[in-house]
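One file, coords-v2.pdb, carrying PDB, C-alpha atoms:
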ATOM      1  CA  MET A   1     256.203  37.927 153.829  1.00  0.00           C
ATOM      2  CA  THR A   2     256.247  35.420 150.982  1.00  0.00           C
ATOM      3  CA  SER A   3     253.023  33.449 151.564  1.00  0.00           C
ATOM      4  CA  SER A   4     249.528  34.669 150.906  1.00  0.00           C
ATOM      5  CA  ILE A   5     245.937  33.516 150.504  1.00  0.00           C
ATOM      6  CA  PRO A   6     243.623  34.036 147.549  1.00  0.00           C
ATOM      7  CA  ALA A   7     241.765  37.313 147.147  1.00  0.00           C
ATOM      8  CA  VAL A   8     238.095  37.568 146.252  1.00  0.00           C
ATOM      9  CA  GLY A   9     238.843  37.204 142.546  1.00  0.00           C
ATOM     10  CA  THR A  10     240.086  33.623 142.873  1.00  0.00           C
ATOM     11  CA  SER A  11     237.930  31.073 141.086  1.00  0.00           C
ATOM     12  CA  PRO A  12     235.848  28.573 143.088  1.00  0.00           C
ATOM     13  CA  GLN A  13     237.546  25.760 141.163  1.00  0.00           C
ATOM     14  CA  ALA A  14     240.984  26.886 142.304  1.00  0.00           C
ATOM     15  CA  LEU A  15     239.754  27.315 145.865  1.00  0.00           C
ATOM     16  CA  GLY A  16     238.267  23.836 145.928  1.00  0.00           C
ATOM     17  CA  SER A  17     241.682  22.309 145.330  1.00  0.00           C
ATOM     18  CA  ALA A  18     243.768  24.955 147.132  1.00  0.00           C
ATOM     19  CA  ARG A  19     244.472  22.797 150.155  1.00  0.00           C
ATOM     20  CA  THR A  20     244.460  19.133 149.141  1.00  0.00           C
ATOM     21  CA  GLY A  21     243.291  18.835 145.551  1.00  0.00           C
ATOM     22  CA  GLU A  22     240.125  17.156 146.822  1.00  0.00           C
ATOM     23  CA  THR A  23     236.537  18.242 147.363  1.00  0.00           C
ATOM     24  CA  PRO A  24     236.705  20.347 150.548  1.00  0.00           C
ATOM     25  CA  MET A  25     233.710  18.765 152.256  1.00  0.00           C
ATOM     26  CA  ALA A  26     231.911  15.475 151.886  1.00  0.00           C
ATOM     27  CA  GLU A  27     228.349  15.991 150.712  1.00  0.00           C
ATOM     28  CA  ALA A  28     227.002  14.262 153.809  1.00  0.00           C
ATOM     29  CA  VAL A  29     228.318  17.068 156.022  1.00  0.00           C
ATOM     30  CA  THR A  30     225.860  19.943 156.306  1.00  0.00           C
ATOM     31  CA  LEU A  31     228.434  22.606 157.213  1.00  0.00           C
ATOM     32  CA  GLN A  32     229.868  23.897 153.921  1.00  0.00           C
ATOM     33  CA  ALA A  33     232.280  26.608 155.102  1.00  0.00           C
ATOM     34  CA  VAL A  34     233.288  28.743 158.066  1.00  0.00           C
ATOM     35  CA  PHE A  35     233.789  32.498 157.704  1.00  0.00           C
ATOM     36  CA  LEU A  36     235.918  34.144 160.374  1.00  0.00           C
ATOM     37  CA  ASP A  37     236.454  37.773 161.281  1.00  0.00           C
ATOM     38  CA  LEU A  38     240.002  38.900 162.076  1.00  0.00           C
ATOM     39  CA  ASP A  39     240.452  41.681 164.658  1.00  0.00           C
ATOM     40  CA  GLY A  40     239.088  40.719 168.052  1.00  0.00           C
ATOM     41  CA  THR A  41     237.926  37.314 166.792  1.00  0.00           C
ATOM     42  CA  LEU A  42     241.089  35.469 165.741  1.00  0.00           C
ATOM     43  CA  VAL A  43     243.686  38.000 166.864  1.00  0.00           C
ATOM     44  CA  ASP A  44     243.648  40.145 169.985  1.00  0.00           C
ATOM     45  CA  THR A  45     244.111  43.474 168.189  1.00  0.00           C
ATOM     46  CA  GLU A  46     240.994  45.544 168.891  1.00  0.00           C
ATOM     47  CA  GLY A  47     243.021  47.314 171.588  1.00  0.00           C
ATOM     48  CA  PHE A  48     245.762  47.944 169.018  1.00  0.00           C
ATOM     49  CA  TRP A  49     243.319  49.824 166.800  1.00  0.00           C
ATOM     50  CA  TRP A  50     242.106  51.980 169.672  1.00  0.00           C
ATOM     51  CA  GLU A  51     245.689  52.755 170.701  1.00  0.00           C
ATOM     52  CA  ALA A  52     246.496  53.716 167.110  1.00  0.00           C
ATOM     53  CA  GLU A  53     243.441  55.971 166.909  1.00  0.00           C
ATOM     54  CA  ALA A  54     244.223  57.609 170.246  1.00  0.00           C
ATOM     55  CA  GLU A  55     247.864  58.169 169.246  1.00  0.00           C
ATOM     56  CA  VAL A  56     247.049  59.736 165.869  1.00  0.00           C
ATOM     57  CA  PHE A  57     244.402  62.056 167.266  1.00  0.00           C
ATOM     58  CA  ALA A  58     246.707  63.066 170.119  1.00  0.00           C
ATOM     59  CA  ARG A  59     249.227  64.150 167.469  1.00  0.00           C
ATOM     60  CA  LEU A  60     246.426  66.158 165.895  1.00  0.00           C
ATOM     61  CA  GLY A  61     245.679  67.846 169.225  1.00  0.00           C
ATOM     62  CA  HIS A  62     242.624  65.853 170.289  1.00  0.00           C
ATOM     63  CA  VAL A  63     242.067  63.466 173.197  1.00  0.00           C
ATOM     64  CA  LEU A  64     239.684  60.605 172.404  1.00  0.00           C
ATOM     65  CA  ASP A  65     237.157  59.778 175.086  1.00  0.00           C
ATOM     66  CA  ASP A  66     236.720  56.062 175.810  1.00  0.00           C
ATOM     67  CA  SER A  67     233.037  56.408 174.954  1.00  0.00           C
ATOM     68  CA  HIS A  68     234.014  56.557 171.273  1.00  0.00           C
ATOM     69  CA  ARG A  69     235.608  53.125 171.439  1.00  0.00           C
ATOM     70  CA  GLU A  70     232.313  51.238 171.403  1.00  0.00           C
ATOM     71  CA  VAL A  71     231.240  53.141 168.283  1.00  0.00           C
ATOM     72  CA  VAL A  72     234.342  52.533 166.173  1.00  0.00           C
ATOM     73  CA  VAL A  73     234.991  48.895 167.115  1.00  0.00           C
ATOM     74  CA  GLY A  74     234.424  46.399 164.332  1.00  0.00           C
ATOM     75  CA  GLY A  75     233.723  48.944 161.643  1.00  0.00           C
ATOM     76  CA  PRO A  76     235.471  49.674 158.361  1.00  0.00           C
ATOM     77  CA  MET A  77     238.205  52.298 158.352  1.00  0.00           C
ATOM     78  CA  SER A  78     236.088  54.824 156.433  1.00  0.00           C
ATOM     79  CA  ARG A  79     233.272  54.674 158.959  1.00  0.00           C
ATOM     80  CA  SER A  80     235.459  54.731 162.072  1.00  0.00           C
ATOM     81  CA  ALA A  81     237.731  57.505 160.806  1.00  0.00           C
ATOM     82  CA  GLY A  82     234.784  59.518 159.522  1.00  0.00           C
ATOM     83  CA  TYR A  83     233.017  59.266 162.853  1.00  0.00           C
ATOM     84  CA  LEU A  84     236.095  60.378 164.801  1.00  0.00           C
ATOM     85  CA  LEU A  85     236.624  63.293 162.413  1.00  0.00           C
ATOM     86  CA  GLN A  86     233.051  64.422 162.939  1.00  0.00           C
ATOM     87  CA  GLU A  87     233.300  64.119 166.734  1.00  0.00           C
ATOM     88  CA  THR A  88     236.661  65.886 167.086  1.00  0.00           C
ATOM     89  CA  GLY A  89     236.605  68.351 164.208  1.00  0.00           C
ATOM     90  CA  ALA A  90     240.253  67.505 163.512  1.00  0.00           C
ATOM     91  CA  ASP A  91     241.757  69.457 160.625  1.00  0.00           C
ATOM     92  CA  ILE A  92     242.664  66.549 158.349  1.00  0.00           C
ATOM     93  CA  GLY A  93     241.120  64.789 155.372  1.00  0.00           C
ATOM     94  CA  LEU A  94     239.633  61.300 155.570  1.00  0.00           C
ATOM     95  CA  THR A  95     242.156  59.757 153.172  1.00  0.00           C
ATOM     96  CA  GLU A  96     245.151  61.220 155.000  1.00  0.00           C
ATOM     97  CA  LEU A  97     243.724  60.211 158.372  1.00  0.00           C
ATOM     98  CA  SER A  98     243.123  56.653 157.177  1.00  0.00           C
ATOM     99  CA  THR A  99     246.739  56.436 156.050  1.00  0.00           C
ATOM    100  CA  LEU A 100     248.006  57.636 159.427  1.00  0.00           C
ATOM    101  CA  LEU A 101     245.769  55.183 161.300  1.00  0.00           C
ATOM    102  CA  ASN A 102     246.911  52.254 159.179  1.00  0.00           C
ATOM    103  CA  GLU A 103     250.566  53.229 159.678  1.00  0.00           C
ATOM    104  CA  ALA A 104     250.128  53.461 163.455  1.00  0.00           C
ATOM    105  CA  PHE A 105     248.378  50.090 163.543  1.00  0.00           C
ATOM    106  CA  VAL A 106     250.996  48.393 161.343  1.00  0.00           C
ATOM    107  CA  ALA A 107     253.715  49.657 163.687  1.00  0.00           C
ATOM    108  CA  ARG A 108     251.967  47.866 166.540  1.00  0.00           C
ATOM    109  CA  ILE A 109     251.353  44.548 164.814  1.00  0.00           C
ATOM    110  CA  GLY A 110     254.968  44.567 163.676  1.00  0.00           C
ATOM    111  CA  ARG A 111     255.851  43.731 167.266  1.00  0.00           C
ATOM    112  CA  GLY A 112     253.736  40.565 167.154  1.00  0.00           C
ATOM    113  CA  VAL A 113     250.074  39.622 166.953  1.00  0.00           C
ATOM    114  CA  PRO A 114     248.593  37.632 169.855  1.00  0.00           C
ATOM    115  CA  LEU A 115     245.970  35.056 168.903  1.00  0.00           C
ATOM    116  CA  MET A 116     242.710  34.810 170.813  1.00  0.00           C
ATOM    117  CA  PRO A 117     242.335  31.767 173.087  1.00  0.00           C
ATOM    118  CA  GLY A 118     241.180  28.802 171.047  1.00  0.00           C
ATOM    119  CA  ALA A 119     241.890  30.414 167.663  1.00  0.00           C
ATOM    120  CA  ARG A 120     244.817  28.238 166.602  1.00  0.00           C
ATOM    121  CA  ARG A 121     243.122  25.040 167.737  1.00  0.00           C
ATOM    122  CA  LEU A 122     239.941  25.895 165.790  1.00  0.00           C
ATOM    123  CA  LEU A 123     241.834  26.773 162.602  1.00  0.00           C
ATOM    124  CA  CYS A 124     243.873  23.564 162.779  1.00  0.00           C
ATOM    125  CA  GLU A 125     240.723  21.511 163.356  1.00  0.00           C
ATOM    126  CA  LEU A 126     238.959  23.013 160.337  1.00  0.00           C
ATOM    127  CA  ALA A 127     242.040  22.451 158.172  1.00  0.00           C
ATOM    128  CA  ALA A 128     242.453  18.860 159.381  1.00  0.00           C
ATOM    129  CA  HIS A 129     238.863  18.061 158.366  1.00  0.00           C
ATOM    130  CA  ARG A 130     239.137  20.001 155.091  1.00  0.00           C
ATOM    131  CA  VAL A 131     236.385  22.437 156.045  1.00  0.00           C
ATOM    132  CA  PRO A 132     236.946  25.586 153.937  1.00  0.00           C
ATOM    133  CA  ALA A 133     237.752  28.562 156.162  1.00  0.00           C
ATOM    134  CA  ALA A 134     237.588  32.108 154.803  1.00  0.00           C
ATOM    135  CA  LEU A 135     238.939  35.234 156.432  1.00  0.00           C
ATOM    136  CA  VAL A 136     236.322  38.006 156.165  1.00  0.00           C
ATOM    137  CA  SER A 137     237.548  41.296 157.615  1.00  0.00           C
ATOM    138  CA  ALA A 138     236.869  45.024 157.469  1.00  0.00           C
ATOM    139  CA  SER A 139     240.644  45.558 157.653  1.00  0.00           C
ATOM    140  CA  HIS A 140     242.561  46.510 154.518  1.00  0.00           C
ATOM    141  CA  ARG A 141     244.277  43.707 152.618  1.00  0.00           C
ATOM    142  CA  THR A 142     247.729  45.065 153.478  1.00  0.00           C
ATOM    143  CA  ILE A 143     246.852  44.616 157.167  1.00  0.00           C
ATOM    144  CA  ILE A 144     245.544  41.092 156.609  1.00  0.00           C
ATOM    145  CA  GLU A 145     248.696  40.079 154.734  1.00  0.00           C
ATOM    146  CA  ARG A 146     250.874  41.241 157.620  1.00  0.00           C
ATOM    147  CA  MET A 147     248.946  39.086 160.104  1.00  0.00           C
ATOM    148  CA  LEU A 148     249.071  35.871 158.114  1.00  0.00           C
ATOM    149  CA  ASP A 149     252.388  34.753 159.571  1.00  0.00           C
ATOM    150  CA  SER A 150     250.689  34.521 162.965  1.00  0.00           C
ATOM    151  CA  LEU A 151     247.478  32.977 161.651  1.00  0.00           C
ATOM    152  CA  GLY A 152     248.956  30.524 159.159  1.00  0.00           C
ATOM    153  CA  PRO A 153     247.967  31.285 155.550  1.00  0.00           C
ATOM    154  CA  GLU A 154     247.570  27.561 154.904  1.00  0.00           C
ATOM    155  CA  ASN A 155     244.507  27.606 157.173  1.00  0.00           C
ATOM    156  CA  PHE A 156     242.466  29.744 154.758  1.00  0.00           C
ATOM    157  CA  VAL A 157     241.242  29.222 151.211  1.00  0.00           C
ATOM    158  CA  LEU A 158     240.008  32.778 150.739  1.00  0.00           C
ATOM    159  CA  ALA A 159     240.248  36.285 152.181  1.00  0.00           C
ATOM    160  CA  VAL A 160     237.788  39.143 151.739  1.00  0.00           C
ATOM    161  CA  ALA A 161     239.222  42.493 152.875  1.00  0.00           C
ATOM    162  CA  GLY A 162     237.473  45.749 153.681  1.00  0.00           C
ATOM    163  CA  ASP A 163     238.981  47.516 150.684  1.00  0.00           C
ATOM    164  CA  ASP A 164     237.941  44.755 148.254  1.00  0.00           C
ATOM    165  CA  LEU A 165     234.299  45.835 148.147  1.00  0.00           C
ATOM    166  CA  MET A 166     232.225  48.993 147.775  1.00  0.00           C
ATOM    167  CA  ARG A 167     230.212  48.056 150.878  1.00  0.00           C
ATOM    168  CA  THR A 168     231.545  46.209 153.890  1.00  0.00           C
ATOM    169  CA  LYS A 169     230.144  45.291 157.309  1.00  0.00           C
ATOM    170  CA  PRO A 170     227.398  45.707 158.551  1.00  0.00           C
ATOM    171  CA  HIS A 171     226.226  45.104 154.966  1.00  0.00           C
ATOM    172  CA  PRO A 172     226.076  41.423 153.972  1.00  0.00           C
ATOM    173  CA  ASP A 173     228.327  41.932 150.925  1.00  0.00           C
ATOM    174  CA  PRO A 174     231.569  40.520 152.434  1.00  0.00           C
ATOM    175  CA  TYR A 175     229.931  37.260 153.494  1.00  0.00           C
ATOM    176  CA  LEU A 176     227.848  36.925 150.331  1.00  0.00           C
ATOM    177  CA  THR A 177     231.037  37.469 148.320  1.00  0.00           C
ATOM    178  CA  ALA A 178     232.907  34.794 150.272  1.00  0.00           C
ATOM    179  CA  ALA A 179     230.048  32.326 149.775  1.00  0.00           C
ATOM    180  CA  ALA A 180     229.809  33.088 146.056  1.00  0.00           C
ATOM    181  CA  ARG A 181     233.558  32.656 145.504  1.00  0.00           C
ATOM    182  CA  LEU A 182     233.498  29.341 147.329  1.00  0.00           C
ATOM    183  CA  GLY A 183     230.345  28.203 145.539  1.00  0.00           C
ATOM    184  CA  VAL A 184     228.508  27.482 148.797  1.00  0.00           C
ATOM    185  CA  ASP A 185     225.091  28.264 150.241  1.00  0.00           C
ATOM    186  CA  PRO A 186     225.320  31.069 152.863  1.00  0.00           C
ATOM    187  CA  THR A 187     222.610  29.391 154.946  1.00  0.00           C
ATOM    188  CA  ARG A 188     224.892  26.377 155.320  1.00  0.00           C
ATOM    189  CA  CYS A 189     227.871  28.441 156.445  1.00  0.00           C
ATOM    190  CA  ALA A 190     228.885  29.547 159.926  1.00  0.00           C
ATOM    191  CA  VAL A 191     230.163  33.037 160.701  1.00  0.00           C
ATOM    192  CA  VAL A 192     232.320  33.782 163.754  1.00  0.00           C
ATOM    193  CA  GLU A 193     232.388  37.447 164.808  1.00  0.00           C
ATOM    194  CA  ASP A 194     233.249  39.550 167.867  1.00  0.00           C
ATOM    195  CA  THR A 195     231.262  42.759 167.221  1.00  0.00           C
ATOM    196  CA  LEU A 196     227.607  43.569 166.591  1.00  0.00           C
ATOM    197  CA  THR A 197     228.606  45.187 163.294  1.00  0.00           C
ATOM    198  CA  GLY A 198     230.050  41.916 162.029  1.00  0.00           C
ATOM    199  CA  VAL A 199     227.260  39.832 163.533  1.00  0.00           C
ATOM    200  CA  ARG A 200     224.665  41.872 161.660  1.00  0.00           C
ATOM    201  CA  ALA A 201     226.596  41.427 158.412  1.00  0.00           C
ATOM    202  CA  GLY A 202     226.649  37.658 158.818  1.00  0.00           C
ATOM    203  CA  GLU A 203     222.984  37.518 159.731  1.00  0.00           C
ATOM    204  CA  ALA A 204     222.012  39.734 156.794  1.00  0.00           C
ATOM    205  CA  ALA A 205     223.836  37.291 154.524  1.00  0.00           C
ATOM    206  CA  GLY A 206     221.746  34.429 155.881  1.00  0.00           C
ATOM    207  CA  CYS A 207     224.585  32.667 157.689  1.00  0.00           C
ATOM    208  CA  ARG A 208     224.406  31.064 161.125  1.00  0.00           C
ATOM    209  CA  VAL A 209     226.352  33.414 163.403  1.00  0.00           C
ATOM    210  CA  VAL A 210     228.458  32.671 166.463  1.00  0.00           C
ATOM    211  CA  ALA A 211     229.220  35.822 168.450  1.00  0.00           C
ATOM    212  CA  VAL A 212     232.325  35.924 170.639  1.00  0.00           C
ATOM    213  CA  PRO A 213     232.128  39.437 172.168  1.00  0.00           C
ATOM    214  CA  SER A 214     235.445  41.219 172.637  1.00  0.00           C
ATOM    215  CA  VAL A 215     235.047  44.907 173.522  1.00  0.00           C
ATOM    216  CA  THR A 216     231.277  45.309 173.839  1.00  0.00           C
ATOM    217  CA  PRO A 217     228.491  42.867 174.792  1.00  0.00           C
ATOM    218  CA  ILE A 218     226.379  41.233 172.080  1.00  0.00           C
ATOM    219  CA  PRO A 219     222.810  40.289 173.035  1.00  0.00           C
ATOM    220  CA  PRO A 220     221.342  36.899 172.101  1.00  0.00           C
ATOM    221  CA  ALA A 221     218.905  36.798 169.184  1.00  0.00           C
ATOM    222  CA  PRO A 222     217.120  34.183 167.062  1.00  0.00           C
ATOM    223  CA  GLY A 223     219.645  32.359 164.883  1.00  0.00           C
ATOM    224  CA  ARG A 224     222.538  33.836 166.879  1.00  0.00           C
ATOM    225  CA  THR A 225     224.681  31.960 169.377  1.00  0.00           C
ATOM    226  CA  VAL A 226     226.732  33.925 171.902  1.00  0.00           C
ATOM    227  CA  VAL A 227     229.746  32.266 173.551  1.00  0.00           C
ATOM    228  CA  ARG A 228     232.417  33.545 175.905  1.00  0.00           C
ATOM    229  CA  SER A 229     235.458  32.310 173.994  1.00  0.00           C
ATOM    230  CA  LEU A 230     236.581  30.480 170.871  1.00  0.00           C
ATOM    231  CA  GLU A 231     237.535  27.700 173.262  1.00  0.00           C
ATOM    232  CA  GLU A 232     233.815  26.840 173.289  1.00  0.00           C
ATOM    233  CA  VAL A 233     233.729  26.547 169.479  1.00  0.00           C
ATOM    234  CA  ASP A 234     234.775  23.406 167.608  1.00  0.00           C
ATOM    235  CA  LEU A 235     233.717  21.572 164.454  1.00  0.00           C
ATOM    236  CA  PRO A 236     230.900  19.490 166.040  1.00  0.00           C
ATOM    237  CA  PHE A 237     229.573  22.683 167.655  1.00  0.00           C
ATOM    238  CA  LEU A 238     229.433  24.470 164.291  1.00  0.00           C
ATOM    239  CA  GLN A 239     227.985  21.476 162.488  1.00  0.00           C
ATOM    240  CA  ALA A 240     225.237  21.205 165.092  1.00  0.00           C
ATOM    241  CA  LEU A 241     224.262  24.849 164.568  1.00  0.00           C
ATOM    242  CA  ILE A 242     223.898  24.342 160.825  1.00  0.00           C
ATOM    243  CA  THR A 243     221.996  21.087 161.236  1.00  0.00           C
ATOM    244  CA  GLU A 244     219.632  22.769 163.678  1.00  0.00           C
ATOM    245  CA  SER A 245     219.045  25.757 161.406  1.00  0.00           C
ATOM    246  CA  GLN A 246     218.466  23.547 158.362  1.00  0.00           C
ATOM    247  CA  GLY A 247     216.055  21.412 160.337  1.00  0.00           C
ATOM    248  CA  SER A 248     214.017  24.462 161.353  1.00  0.00           C
ATOM    249  CA  VAL A 249     213.657  25.489 157.703  1.00  0.00           C
ATOM    250  CA  HIS A 250     212.189  22.166 156.537  1.00  0.00           C
TER     251      HIS A 250
END
Output the file's structure in the form of structure tokens.
Amino acid sequence: MTSSIPAVGTSPQALGSARTGETPMAEAVTLQAVFLDLDGTLVDTEGFWWEAEAEVFARLGHVLDDSHREVVVGGPMSRSAGYLLQETGADIGLTELSTLLNEAFVARIGRGVPLMPGARRLLCELAAHRVPAALVSASHRTIIERMLDSLGPENFVLAVAGDDLMRTKPHPDPYLTAAARLGVDPTRCAVVEDTLTGVRAGEAAGCRVVAVPSVTPIPPAPGRTVVRSLEEVDLPFLQALITESQGSVH
């Protein structure tokens, strides 16, 4: 693939002009940026990860019970792989296992990555209105780069990958990093996530979170909006959430 999007080291000045050379948002608009998760939120790949995990552990002589799926969904590779190692006692190191899991997943996405319903429409709407959109994922950057052909790299001004930071979701670091690189206030940014792990990361960062559950249910909570599909999410919807949250602060 020849196209890419900026990594976390890109300057806010470069990001501000990455799409049009203009200020990304008019000051009158309260929504400053939208941060989007990848797997299960924009692309329908959570099942791909579970298939990859099941395949690798089968080669190692272990059958994964479906009960493990709810634990590993949405987490960084180190946490998911470490948990499965502990549960199965497989005779393999964490680094080697992570490599095998990534290889098995890449083989699957090489056959095509289906987008979640409403994902393309939402990304195009944000781009059309020059609302900065950042990809914030626990996946490794190599995985993100391979999915960009399906997502459209022109739709994002920034990407934060799981292997960019010392701490990833559920810690707030990925979303705080995205906000800092864009030079925006996290409390005036919307986060779109499909797992409780990601939702907690966005909330810990102070963002307004929209949960679109994929594999496991996500309960409602103060400052959290739960929807059934991205088809329910558009720019006015996100702007209204930020306006409401800002109004409750003052």
What would the selection look like, as a VMD selection string, if the PyMOL selection byres ((chain A and resi 196-198) around 8) were run on the coordinates I just shared? chain A and resid 37 74 to 75 169 to 170 193 to 195 199 to 202 218
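For the set A:Ser137, A:Gln246, A:Thr45, A:Asn102, the residue with the smallest atom-to-atom gap to Asp185 of chain A is A:Gln246, counting only C-alpha atoms.
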List every residue of segment 198-228 of chain A that has an atom at most 12 Å from any atom of segment 108-130 of chain A, and for each one report the closest atom pair and its distance in Å to one decimal, counting all atoms listed in the file, with rows sorted by chain and then by increasing residue number, as a Markdown table.
| residue | atom | partner | partner_atom | distance |
| --- | --- | --- | --- | --- |
| A:Val212 | CA | A:Met116 | CA | 10.4 |
| A:Pro213 | CA | A:Met116 | CA | 11.6 |
| A:Ser214 | CA | A:Met116 | CA | 9.9 |
| A:Arg228 | CA | A:Pro117 | CA | 10.5 |
Pull out every residue that the PyMOL selection byres ((chain A and resi 56) around 12) matches in the shown coordinates and put them as a ChimeraX atom specification. /A:49-55,57-64,81,84-85,90,92,96-105
Point-to-point distance from atom CA of Ile242 of chain A to atom CA of Ala180 of chain A, Å rounded to tenths: 18.2 Å
What does the distance between atom CA of Arg224 of chain A and atom CA of Arg141 of chain A come to in Å, to one decimal place?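 Taking atom CA of Arg224 of chain A as the start and atom CA of Arg141 of chain A as the end point, the length is 27.8 Å.
Atom CA of Val184 of chain A sits 11.8 Å away from atom CA of Val131 of chain A.
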Do you know which residues the PyMOL selection byres ((chain A and resi 68) around 10) returns on this file, as a list of chain:residue names? A:Trp50, A:Leu64, A:Asp65, A:Asp66, A:Ser67, A:Arg69, A:Glu70, A:Val71, A:Val72, A:Val73, A:Ser80, A:Tyr83, A:Leu84, A:Glu87
Could you check the closest approach to Leu151 of chain A for each of A:Leu182, A:Gly82, A:Leu135, A:Asp164 and tell me which residue wins, using only C-alpha atoms? A:Leu135
